[in-house]
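Student: I have a structure here, written as structure tokens, and I will follow up with some questions on it.
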Amino acid sequence: MGPMYRLYTCVTPFTDGTCRGSLDFIASPKMPRIEIGNQVEYGMLACSTCQAQYPVIAGIPILLAKPFAYLRENFSIIDRYLKYAGTPIPQVVKKHLFQVFLTMLRTPNEPVVQSRKGYEPHFLSCMLQRFLTYYQTYVADEWSEDFPLALPRPEQPDSLSGTLRAWLDAYAAEAKRGLDLGCNLGGYTFEMAGRQIESYGVDVSFEALHQAMLAARGRGYRFTAGDKHIHKPLEFHKAPCFTIGSAESLPFTDDSFDVVLSVNIVDILPQPQRMLTEIRRCLRPGGTVILTTPFMYFGEGTLALLDTYSGQLEQGLKQLCRSHGFTIAAEKDDIIWRLNEYARKIVLYRAYGLVLRAG
Ligand SMILES: C[S@@+](CC[C@H](N)C(=O)[O-])C[C@H]1O[C@@H](n2cnc3c(N)ncnc32)[C@H](O)[C@@H]1O
Ligand SMILES: [Zn+2]
């Protein structure tokens, strides 16, 4: 059991609450533990309380209530992605997983959170290339100074990254441990890690987290954007930990974090109030939350807030935060979020941000 698994907990839902048992690796002859260096690449975590099992795939623990359903739902894309990335899933692991999937076929299966949707298998290599380009330009949008397009950049202080940096300085200078929800490629997780904060990133996208992990191991992002090869070095004392998990049911023990980032995710969650409940639980009393949202595309979270607060998005979000025991320490309405959708398309969104304190 590495130190990174200390904070992780079981997320099995019971009628009287979530299990939250501690997790440890089990030795199974069918699903061996495969390590690279001192990191577990493949293995099985089990809950000490309810015995639920959680696989670790290519170094990423899948800590969802239905981890195998997630894996089965996303298996072909993950499998091909890892093959494409040059680190195919070992046969012995595949064999074991297929046995699990077979058992699942015989039992009713509930819907799961999907990693990514909509890629046609026969266009696979072209699609893989497309999503790599997507993520690679995505990573460049906010905090790469050297993105090759000569478009006017928003002034640093008003940009999303500028705002987050300023807020981390002002409100989380003493933080020892931080969580980044919906971390995607981990840009802001690394931002915390660079400040000597022990950092954790959570997302539902396997591919994004894998890229984040490669960046952690290689101490930098390496990618091609347009016709340029870009290397963005990352500096941190301790590499962040990345895990598949849901912002609505976090796989962490209570009071674990001094600071939680929720950057542009509340607008897409079906039940934003569940994320706030979970943040409150995992944050230590007096801890800080930095929450931003562009309220764009009318995601499910935006629609839920519109419904509940009669169209008053910003007021509604503040009310929701207060009702979850937070006080508002700062608010900013005109954050410029610059999104490189792909090499030749850049969109500027106006985002809204709050700094919250857990009372
Ligand atoms: C708009 S992106 C924001 C990424 C990152 N925070 C940033 O600002 O660069 C939203 C992210 O939330 C993730 N996501 C969606 N639903 C989630 C959930 N239930 N739990 C955790 N992450 C989720 C998506 O995979 C995606 O990476
Ligand atoms: Zn359990």
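Chain lettering (A, B, ...) mirrors the order of the structure tokens, residue numbering begins at 1 for each chain separately, and ligand numbering begins at 1 in order of display.
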How would you report the residues lying within 7 Å of ligand 1, as a PyMOL selection string, if you count only C-alpha atoms and all ligand atoms?
Tutor: chain A and resi 115+181-184+187+202-205+208+245-248+262-265+268-269
Student: Residues of chain A within 8 Å of ligand 2: nearest atom pair and distance (Å, one decimal) for each, counting only C-alpha atoms and all ligand atoms, sorted by chain and number, as CSV?
Tutor:
residue,atom,partner,partner_atom_place_in_ligand_line,distance
A:Thr9,CA,ligand 2,1 (Zn),7.7
A:Cys10,CA,ligand 2,1 (Zn),4.6
A:Val11,CA,ligand 2,1 (Zn),6.5
A:Thr12,CA,ligand 2,1 (Zn),5.5
A:Thr18,CA,ligand 2,1 (Zn),7.9
A:Cys19,CA,ligand 2,1 (Zn),4.6
A:Arg20,CA,ligand 2,1 (Zn),5.8
A:Gly21,CA,ligand 2,1 (Zn),4.7
A:Ser22,CA,ligand 2,1 (Zn),7.4
A:Ala46,CA,ligand 2,1 (Zn),7.8
A:Cys47,CA,ligand 2,1 (Zn),4.6
A:Ser48,CA,ligand 2,1 (Zn),6.6
A:Thr49,CA,ligand 2,1 (Zn),4.9
A:Cys50,CA,ligand 2,1 (Zn),3.9
A:Gln51,CA,ligand 2,1 (Zn),5.8
A:Ala52,CA,ligand 2,1 (Zn),5.4
Student: Identify, on the basis of only C-alpha atoms, every residue whose closest approach to Lys318 of chain A does not exceed 8 Å; exclude the query and any residue fewer than 4 positions from it along the same chain; express the result as a list in words.
Tutor: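 Residues meeting the cut-off are Glu314, Arg322 and Ile328 of chain A.
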Student: Please produce a file of the residues just selected, as a JSON list (two decimals), in the first residue's frame, where the atoms kept are N, CA and C atoms.
Tutor:
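The resulting file, out.json, is shown below:
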[["chain", "number", "residue", "atom", "x", "y", "z"],
["A", 314, "GLU", "N", -26.10, 33.11, -10.95],
["A", 314, "GLU", "CA", -25.04, 33.46, -10.00],
["A", 314, "GLU", "C", -25.59, 33.51, -8.57],
["A", 322, "ARG", "N", -24.11, 28.63, 0.20],
["A", 322, "ARG", "CA", -24.38, 29.01, 1.60],
["A", 322, "ARG", "C", -25.17, 27.92, 2.30],
["A", 328, "ILE", "N", -18.99, 33.12, 1.61],
["A", 328, "ILE", "CA", -18.36, 33.56, 0.37],
["A", 328, "ILE", "C", -17.28, 34.58, 0.69]]
Student: Could you pull the residues within 10 Å of Arg195 of chain A, counting only C-alpha atoms, minus those fewer than 6 positions along the same chain, as a PDB file with N, CA and C atoms, in the first residue's frame?
Tutor:
ATOM      1  N   LEU A 168      -5.270  31.246  -5.295  1.00  0.00           N
ATOM      2  CA  LEU A 168      -4.471  30.271  -4.526  1.00  0.00           C
ATOM      3  C   LEU A 168      -3.494  31.021  -3.619  1.00  0.00           C
ATOM      4  N   ASP A 169      -2.869  32.081  -4.166  1.00  0.00           N
ATOM      5  CA  ASP A 169      -1.934  32.884  -3.355  1.00  0.00           C
ATOM      6  C   ASP A 169      -2.643  33.517  -2.166  1.00  0.00           C
ATOM      7  N   ALA A 172      -5.124  30.282  -0.208  1.00  0.00           N
ATOM      8  CA  ALA A 172      -4.687  28.910   0.085  1.00  0.00           C
ATOM      9  C   ALA A 172      -3.178  28.841   0.259  1.00  0.00           C
ATOM     10  N   ALA A 173      -2.593  29.947   0.745  1.00  0.00           N
ATOM     11  CA  ALA A 173      -1.131  29.997   0.865  1.00  0.00           C
ATOM     12  C   ALA A 173      -0.615  28.951   1.846  1.00  0.00           C
ATOM     13  N   GLU A 174      -1.422  28.616   2.841  1.00  0.00           N
ATOM     14  CA  GLU A 174      -0.971  27.673   3.874  1.00  0.00           C
ATOM     15  C   GLU A 174      -1.384  26.238   3.594  1.00  0.00           C
ATOM     16  N   ALA A 175      -2.088  26.024   2.469  1.00  0.00           N
ATOM     17  CA  ALA A 175      -2.670  24.690   2.226  1.00  0.00           C
ATOM     18  C   ALA A 175      -1.592  23.621   2.096  1.00  0.00           C
ATOM     19  N   LYS A 176      -1.858  22.481   2.716  1.00  0.00           N
ATOM     20  CA  LYS A 176      -0.906  21.360   2.630  1.00  0.00           C
ATOM     21  C   LYS A 176      -1.410  20.304   1.642  1.00  0.00           C
ATOM     22  N   GLU A 235       7.047  21.863 -12.678  1.00  0.00           N
ATOM     23  CA  GLU A 235       7.907  21.760 -11.499  1.00  0.00           C
ATOM     24  C   GLU A 235       7.067  21.465 -10.281  1.00  0.00           C
ATOM     25  N   PHE A 236       7.443  20.424  -9.578  1.00  0.00           N
ATOM     26  CA  PHE A 236       6.760  20.115  -8.315  1.00  0.00           C
ATOM     27  C   PHE A 236       7.677  19.249  -7.486  1.00  0.00           C
ATOM     28  N   HIS A 237       7.446  19.299  -6.188  1.00  0.00           N
ATOM     29  CA  HIS A 237       8.250  18.502  -5.281  1.00  0.00           C
ATOM     30  C   HIS A 237       7.723  17.067  -5.284  1.00  0.00           C
ATOM     31  N   LYS A 238       6.385  16.959  -5.207  1.00  0.00           N
ATOM     32  CA  LYS A 238       5.768  15.639  -5.136  1.00  0.00           C
ATOM     33  C   LYS A 238       4.731  15.528  -6.247  1.00  0.00           C
TER      34      LYS A 238
END
Student: Fewer than 6 positions away in the same chain doesn't count, so skip those; otherwise give me all residues within 10 Å of Leu234 of chain A, counting only C-alpha atoms, as JSON, numbers by chain.
Tutor: {"A": [187, 190, 191, 193, 194, 215, 216, 218, 219, 220, 221]}
Student: Neighbouring residues of Pro272 of chain A were defined as those with any atom within 8 Å, considering only C-alpha atoms; residues of the same chain fewer than 6 positions away were excluded. Please report them as a list in words.
Tutor: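 So, after excluding close chain neighbours, the residues are Glu248, Val266, Gly301 and Ala304 of chain A.
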Student: Determine, counting only C-alpha atoms, which protein, DNA and RNA residues have an atom within 7 Å of an atom of Arg284 of chain A; residues of the same chain fewer than 2 positions away are not included. Present the result as a count of residues only.
Tutor: 7
Student: Would you compute the distance between atom CA of Thr288 of chain A and atom CA of Leu7 of chain A? Give it in Å to one decimal.
Tutor: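 Pair atom CA of Thr288 of chain A / atom CA of Leu7 of chain A returns 18.5 Å.
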